[in-house]
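Q: Contents are CSV, C-alpha atoms; file name work03.csv:
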```
chain,number,residue,atom,x,y,z
A,798,MET,CA,-3.5,11.3,2.0
A,799,ARG,CA,-1.4,14.4,1.1
A,800,GLY,CA,-1.2,15.5,4.7
A,801,GLY,CA,-3.0,14.5,7.8
A,802,GLY,CA,-3.0,17.8,9.7
A,803,SER,CA,-6.5,18.9,8.6
A,804,SER,CA,-9.3,17.9,10.9
A,805,ALA,CA,-11.7,18.0,8.0
A,806,LYS,CA,-9.6,15.6,6.0
A,807,ARG,CA,-9.3,13.3,9.0
A,808,LYS,CA,-13.1,13.2,9.2
A,809,ARG,CA,-13.3,12.3,5.5
A,810,VAL,CA,-10.9,9.5,6.0
A,811,GLY,CA,-12.8,8.2,9.0
A,812,ASN,CA,-16.1,8.3,7.0
A,813,PHE,CA,-14.4,6.4,4.2
A,814,ILE,CA,-13.1,3.7,6.5
A,815,ARG,CA,-16.4,3.3,8.4
A,816,LYS,CA,-18.5,3.0,5.3
A,817,GLY,CA,-16.1,0.5,3.7
A,818,GLU,CA,-16.2,-1.7,6.8
A,819,VAL,CA,-12.5,-1.9,6.7
A,820,ASP,CA,-10.4,-4.5,8.6
A,821,ILE,CA,-7.0,-3.0,7.6
A,822,SER,CA,-6.0,0.3,6.0
A,823,PHE,CA,-2.9,1.5,4.2
A,824,ILE,CA,-2.4,5.3,4.1
A,825,GLN,CA,0.4,7.0,2.3
A,826,LYS,CA,1.8,10.5,2.5
A,827,THR,CA,0.6,11.5,5.9
A,828,LYS,CA,3.3,14.3,6.1
A,829,LEU,CA,3.3,13.7,9.9
A,830,GLY,CA,6.4,13.4,12.1
A,831,SER,CA,4.5,11.4,14.8
A,832,ILE,CA,1.1,9.7,15.1
A,833,ASP,CA,-0.6,9.0,18.5
A,834,LYS,CA,-3.7,7.1,19.6
A,835,GLY,CA,-5.9,10.3,19.5
A,836,LEU,CA,-5.2,10.9,15.9
A,837,VAL,CA,-5.7,7.2,15.0
A,838,CYS,CA,-9.0,7.0,16.8
A,839,LYS,CA,-10.2,10.0,14.9
A,840,LEU,CA,-9.3,8.4,11.6
A,841,TRP,CA,-10.7,5.0,12.5
A,842,GLU,CA,-13.5,6.3,14.7
A,843,ASP,CA,-13.2,3.3,17.0
A,844,SER,CA,-11.0,2.7,20.0
A,845,LEU,CA,-10.5,-1.0,19.1
A,846,VAL,CA,-7.7,-0.2,16.6
A,847,ASP,CA,-4.0,-0.8,16.5
A,848,TRP,CA,-1.5,0.9,14.2
A,849,SER,CA,2.1,1.2,12.9
A,850,TYR,CA,3.6,4.2,11.2
A,851,ALA,CA,6.7,5.5,9.5
A,852,LYS,CA,7.2,9.2,10.1
A,853,ALA,CA,7.5,11.7,7.3
A,854,ASP,CA,10.9,13.1,6.3
A,855,ARG,CA,10.8,16.8,6.7
A,856,ALA,CA,7.0,17.0,6.1
A,857,SER,CA,7.3,14.7,3.0
A,858,GLY,CA,6.0,11.2,2.7
A,859,GLY,CA,4.9,9.3,5.8
A,860,LEU,CA,3.1,5.9,6.1
A,861,LEU,CA,0.3,4.7,8.4
A,862,THR,CA,-1.2,1.2,8.7
A,863,MET,CA,-4.2,0.7,10.9
A,864,TRP,CA,-6.2,-2.5,11.7
A,865,LYS,CA,-8.9,-3.9,13.9
A,866,LYS,CA,-7.3,-5.3,17.1
A,867,ASP,CA,-9.1,-8.6,16.7
A,868,TYR,CA,-8.4,-9.0,13.0
A,869,PHE,CA,-5.0,-10.9,13.5
A,870,ASN,CA,-2.2,-11.5,15.9
A,871,LEU,CA,0.8,-9.2,15.3
A,872,VAL,CA,4.1,-11.1,15.2
A,873,PHE,CA,6.3,-8.2,14.4
A,874,SER,CA,6.5,-5.0,12.4
A,875,PHE,CA,9.2,-3.8,10.1
A,876,LYS,CA,10.1,-0.8,7.9
A,877,ASP,CA,12.7,0.3,5.5
A,878,GLN,CA,13.1,2.9,2.7
A,879,GLY,CA,9.7,3.3,1.0
A,880,TYR,CA,7.7,0.7,2.9
A,881,LEU,CA,6.1,-0.2,6.3
A,882,GLY,CA,5.3,-3.8,6.9
A,883,LEU,CA,3.5,-6.2,9.3
A,884,CYS,CA,4.1,-9.9,9.9
A,885,VAL,CA,0.9,-11.3,11.4
A,886,GLU,CA,-0.7,-14.6,12.2
A,887,LYS,CA,-4.3,-15.3,11.2
A,888,ASN,CA,-6.0,-18.7,11.3
A,889,GLY,CA,-2.7,-20.4,11.9
A,890,LYS,CA,-1.0,-18.9,8.9
A,891,LEU,CA,1.6,-16.1,8.5
A,892,ILE,CA,0.7,-13.1,6.4
A,893,TYR,CA,3.0,-10.2,5.4
A,894,PHE,CA,1.2,-6.9,4.9
A,895,VAL,CA,3.3,-4.1,3.3
A,896,ASN,CA,2.2,-0.5,2.9
A,897,ILE,CA,4.2,1.1,0.0
A,898,TYR,CA,5.1,4.7,-0.7
A,899,ALA,CA,7.9,4.4,-3.3
A,900,SER,CA,10.3,7.1,-4.1
A,901,CYS,CA,10.0,9.1,-7.3
A,902,ASP,CA,13.7,8.3,-7.9
A,903,ILE,CA,14.0,5.0,-9.8
A,904,ASN,CA,17.3,4.1,-8.1
A,905,ARG,CA,15.8,4.4,-4.7
A,906,ARG,CA,12.8,2.4,-5.8
A,907,MET,CA,15.1,-0.3,-7.1
A,908,GLU,CA,16.8,-0.4,-3.7
A,909,SER,CA,13.5,-0.7,-2.0
A,910,TRP,CA,12.5,-3.7,-4.3
A,911,LYS,CA,15.8,-5.3,-3.6
A,912,ARG,CA,15.5,-5.0,0.2
A,913,LEU,CA,12.0,-6.4,0.1
A,914,MET,CA,13.1,-9.4,-1.9
A,915,GLU,CA,16.0,-10.0,0.5
A,916,PHE,CA,13.6,-9.6,3.5
A,917,LYS,CA,11.3,-12.3,2.0
A,918,LEU,CA,14.2,-14.7,1.5
A,919,LYS,CA,15.4,-14.3,5.1
A,920,ASN,CA,12.0,-14.8,6.8
A,921,ASP,CA,9.5,-17.6,7.3
A,922,LYS,CA,7.2,-18.4,4.4
A,923,GLY,CA,3.8,-16.7,4.4
A,924,ALA,CA,1.2,-15.1,2.2
A,925,TRP,CA,1.9,-11.5,0.9
A,926,CYS,CA,-0.3,-8.5,0.4
A,927,ILE,CA,1.6,-5.4,-0.8
A,928,GLY,CA,-0.3,-2.2,-1.6
A,929,GLY,CA,0.1,1.5,-2.0
A,930,ASP,CA,1.8,4.0,-4.3
A,931,PHE,CA,4.5,2.2,-6.2
A,932,ASN,CA,5.4,5.2,-8.4
A,933,SER,CA,5.8,2.7,-11.3
A,934,ILE,CA,3.8,1.2,-14.1
A,935,SER,CA,4.1,-2.3,-15.5
A,936,SER,CA,3.2,-1.5,-19.1
A,937,LEU,CA,2.6,1.4,-21.5
A,938,GLU,CA,-1.2,0.8,-21.3
A,939,GLU,CA,-1.1,2.0,-17.7
A,940,LYS,CA,-0.1,5.5,-18.8
A,941,VAL,CA,-1.6,8.3,-20.9
A,942,GLY,CA,0.2,11.5,-21.8
A,943,LYS,CA,3.6,12.7,-20.9
A,944,SER,CA,3.8,12.3,-17.1
A,945,GLY,CA,7.5,11.8,-16.9
A,946,ARG,CA,6.9,8.7,-14.8
A,947,SER,CA,7.9,5.8,-17.0
A,948,SER,CA,10.6,4.2,-19.1
A,949,LYS,CA,11.5,0.8,-20.5
A,950,ARG,CA,14.0,0.4,-17.7
A,951,GLU,CA,11.5,1.3,-15.0
A,952,MET,CA,8.9,-1.2,-16.3
A,953,SER,CA,11.5,-3.9,-16.7
A,954,VAL,CA,12.7,-3.4,-13.1
A,955,PHE,CA,9.2,-3.2,-11.7
A,956,ASN,CA,8.0,-6.4,-13.5
A,957,ALA,CA,11.2,-8.2,-12.3
A,958,PHE,CA,10.3,-7.2,-8.8
A,959,ILE,CA,6.7,-8.6,-9.1
A,960,GLU,CA,8.0,-11.8,-10.6
A,961,GLY,CA,10.8,-12.1,-8.1
A,962,MET,CA,8.4,-11.8,-5.2
A,963,ASP,CA,5.9,-14.3,-6.8
A,964,LEU,CA,3.1,-11.8,-6.7
A,965,VAL,CA,0.0,-11.4,-8.8
A,966,ASP,CA,-1.1,-8.0,-10.1
A,967,LEU,CA,-4.9,-8.6,-10.2
A,968,PRO,CA,-7.0,-6.7,-12.7
A,969,THR,CA,-9.3,-4.1,-11.1
A,970,ILE,CA,-12.7,-2.7,-12.0
A,971,GLY,CA,-13.7,1.0,-11.7
A,972,GLY,CA,-11.2,3.7,-12.5
A,973,LYS,CA,-8.4,2.5,-14.7
A,974,PHE,CA,-5.9,5.2,-13.6
A,975,THR,CA,-5.0,6.3,-10.1
A,976,TRP,CA,-2.8,9.4,-10.7
A,977,PHE,CA,-3.7,12.5,-12.7
A,978,ASN,CA,-1.8,15.7,-13.3
A,979,SER,CA,-3.4,19.0,-12.5
A,980,ASN,CA,-4.8,19.6,-16.1
A,981,GLY,CA,-6.0,16.0,-16.6
A,982,GLN,CA,-3.9,15.5,-19.7
A,983,ALA,CA,-1.6,12.9,-18.1
A,984,MET,CA,-2.6,9.9,-16.0
A,985,SER,CA,-1.2,6.6,-14.9
A,986,ARG,CA,-1.8,3.6,-12.7
A,987,ILE,CA,0.9,3.8,-10.1
A,988,ASP,CA,-1.3,2.6,-7.1
A,989,ARG,CA,-2.2,-1.1,-6.8
A,990,PHE,CA,-2.3,-4.2,-4.7
A,991,LEU,CA,0.1,-7.1,-5.4
A,992,LEU,CA,-0.9,-10.4,-3.8
A,993,SER,CA,0.7,-13.8,-3.5
A,994,GLU,CA,-1.3,-16.8,-4.9
A,995,ASP,CA,-1.7,-18.3,-1.4
A,996,PHE,CA,-3.2,-15.0,-0.2
A,997,ILE,CA,-5.6,-15.1,-3.1
A,998,GLU,CA,-6.5,-18.7,-2.4
A,999,ASP,CA,-6.8,-18.4,1.4
A,1000,TRP,CA,-8.9,-15.3,1.4
A,1001,LYS,CA,-10.9,-15.9,-1.8
A,1002,VAL,CA,-9.8,-12.6,-3.3
A,1003,ASN,CA,-11.1,-11.7,-6.7
A,1004,SER,CA,-11.0,-8.6,-8.9
A,1005,LEU,CA,-14.4,-7.5,-7.7
A,1006,GLU,CA,-13.0,-7.0,-4.2
A,1007,LEU,CA,-10.3,-4.7,-5.6
A,1008,GLU,CA,-12.4,-2.0,-7.2
A,1009,THR,CA,-10.0,0.8,-7.9
A,1010,SER,CA,-12.6,3.5,-7.2
A,1011,ARG,CA,-13.1,2.2,-3.7
A,1012,ILE,CA,-9.6,1.2,-2.6
A,1013,MET,CA,-7.4,3.7,-4.3
A,1014,HIS,CA,-8.7,7.0,-3.1
A,1015,ARG,CA,-6.7,10.2,-2.9
A,1016,PHE,CA,-7.5,12.7,-0.1
A,1017,GLY,CA,-6.2,15.9,-1.6
```
Represent the structure from my file as structure tokens, please.

A:
Amino acid sequence: MRGGGSSAKRKRVGNFIRKGEVDISFIQKTKLGSIDKGLVCKLWEDSLVDWSYAKADRASGGLLTMWKKDYFNLVFSFKDQGYLGLCVEKNGKLIYFVNIYASCDINRRMESWKRLMEFKLKNDKGAWCIGGDFNSISSLEEKVGKSGRSSKREMSVFNAFIEGMDLVDLPTIGGKFTWFNSNGQAMSRIDRFLLSEDFIEDWKVNSLELETSRIMHRFG
């Protein structure tokens, strides 16, 4: 979102959510220290919304997850370095939704991946949906130009995380890249959704439902 202080930007986000008939929304980089009901209702444009957030650190970062109140039953929420999560119950099954805004520092990202894997091992089995800004690529094909965002070590660690969590990185349609530098000469795919196979099977997810141009939208 690159900051949620602008009323014009909040309106744009609200229009985007309403037109997309959204059930749950992951927003990264709010740059806000606190989020209240008034702000959430402006973004969602509906009072029947619930939310969880992780405050920004000195006006940097910040995560917000919003959802329709009747979409699922919230079991508990959780957060740690670089992510904000929900454990919910829907149709008698557990689902873990995780909103990601990973650090630009590879060591901090590695720590976040480690903590998420430890969290999964310590909690009840369920379906997983992890989405947001991972600040990592999984292959060289996901990068063009010298963006300073990739290395063999980074890709190896990120792919090990995806495999260790038993997640599927589904192909998308629409835009191939989700990050561009200011002159357009460097670009990469650092935003994505990673889903467990049972999530895909239970909710009949396919690549058409993950169109990059619709889901991965930056509000600059």

Q: If you measure from atom CA of A:Ala983 to atom CA of A:Gly817, what distance in Å do you get, rounded to one decimal?

A: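 One can read the atom CA of A:Ala983 to atom CA of A:Gly817 distance as 29.0 Å.
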
Q: Restricting the calculation to all atoms listed in the file: of A:Lys922, A:Arg855, A:Arg912, A:Lys940, which residue gets closest to A:Gln982?

A: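 Residue with the minimum atom-to-atom distance to A:Gln982: A:Lys940.
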
Q: Go ahead and compute the interatomic distance for atom CA of A:Trp848 and atom CA of A:Ile934, in Å to one decimal.

A: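 Distance between the two atoms: 28.8 Å.
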
Q: If you count all atoms listed in the file, which residues fall within 10 Å of A:Glu938, apart from same-chain ones fewer than 4 positions away, as a PyMOL selection string?

A: chain A and resi 934+973+985-986

Q: Can you spit out the residues from that selection as a CSV table (one decimal), keeping the file's coordinate frame, using C-alpha atoms?

A:
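Below you can see again30.csv, which holds the result:
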```
chain,number,residue,atom,x,y,z
A,934,ILE,CA,3.8,1.2,-14.1
A,973,LYS,CA,-8.4,2.5,-14.7
A,985,SER,CA,-1.2,6.6,-14.9
A,986,ARG,CA,-1.8,3.6,-12.7
```

Q: Nearest residue to A:Gly830 out of A:Phe931, A:Phe974, A:Tyr850, A:Phe869, using all atoms listed in the file?

A: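 Once distances to A:Gly830 are computed over all atoms listed in the file, the minimum belongs to A:Tyr850.
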
Q: Please list as a JSON list (two decimals) with C-alpha atoms, keeping the file's coordinate frame every residue within 7 Å of stretch 949-953 of chain A, counting only C-alpha atoms and excluding residues in the same chain fewer than 5 positions away.

A:
```
[["chain", "number", "residue", "atom", "x", "y", "z"],
["A", 903, "ILE", "CA", 14.00, 5.00, -9.80],
["A", 933, "SER", "CA", 5.80, 2.70, -11.30],
["A", 934, "ILE", "CA", 3.80, 1.20, -14.10],
["A", 935, "SER", "CA", 4.10, -2.30, -15.50],
["A", 936, "SER", "CA", 3.20, -1.50, -19.10]]
```

Q: Which residue, A:Phe990, A:Phe916, A:Trp841, A:Phe813, has the smallest gap to A:Pro968 when you use only C-alpha atoms?

A: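 Smallest distance to A:Pro968 is found for A:Phe990.
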
Q: Name all residues at most 9 Å from A:Phe996 (count only C-alpha atoms; drop same-chain ones fewer than 2 positions away) and give them as a list in words.

A: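 Using only C-alpha atoms, the neighbours found are Ile892, Gly923, Ala924, Trp925, Cys926, Leu992, Ser993, Glu994, Glu998, Asp999, Trp1000, Lys1001 and Val1002 of chain A.
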
Q: Would you output that residue set with C-alpha atoms, as a PDB file, in the frame of the given file?

A:
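Done, and the output landed in again-v5.pdb:
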```pdb
ATOM      1  CA  ILE A 892       0.700 -13.100   6.400  1.00  0.00           C
ATOM      2  CA  GLY A 923       3.800 -16.700   4.400  1.00  0.00           C
ATOM      3  CA  ALA A 924       1.200 -15.100   2.200  1.00  0.00           C
ATOM      4  CA  TRP A 925       1.900 -11.500   0.900  1.00  0.00           C
ATOM      5  CA  CYS A 926      -0.300  -8.500   0.400  1.00  0.00           C
ATOM      6  CA  LEU A 992      -0.900 -10.400  -3.800  1.00  0.00           C
ATOM      7  CA  SER A 993       0.700 -13.800  -3.500  1.00  0.00           C
ATOM      8  CA  GLU A 994      -1.300 -16.800  -4.900  1.00  0.00           C
ATOM      9  CA  GLU A 998      -6.500 -18.700  -2.400  1.00  0.00           C
ATOM     10  CA  ASP A 999      -6.800 -18.400   1.400  1.00  0.00           C
ATOM     11  CA  TRP A1000      -8.900 -15.300   1.400  1.00  0.00           C
ATOM     12  CA  LYS A1001     -10.900 -15.900  -1.800  1.00  0.00           C
ATOM     13  CA  VAL A1002      -9.800 -12.600  -3.300  1.00  0.00           C
TER      14      VAL A1002
END
```

Q: Taking (13.1, 3.4, -10.3) in the file's coordinates, which residues come within 9 Å, counting only C-alpha atoms, written as a list in words?

A: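 It turns out the residues near that spot are Ala899, Ser900, Cys901, Asp902, Ile903, Asn904, Arg905, Arg906, Met907, Glu908, Asn932, Ser933, Ser947, Arg950, Glu951, Met952, Val954 and Phe955 of chain A.
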
Q: Distance atom CA of A:Lys826-atom CA of A:Asp877, one decimal place?

A: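 Result for atom CA of A:Lys826 versus atom CA of A:Asp877: 15.2 Å, one decimal.
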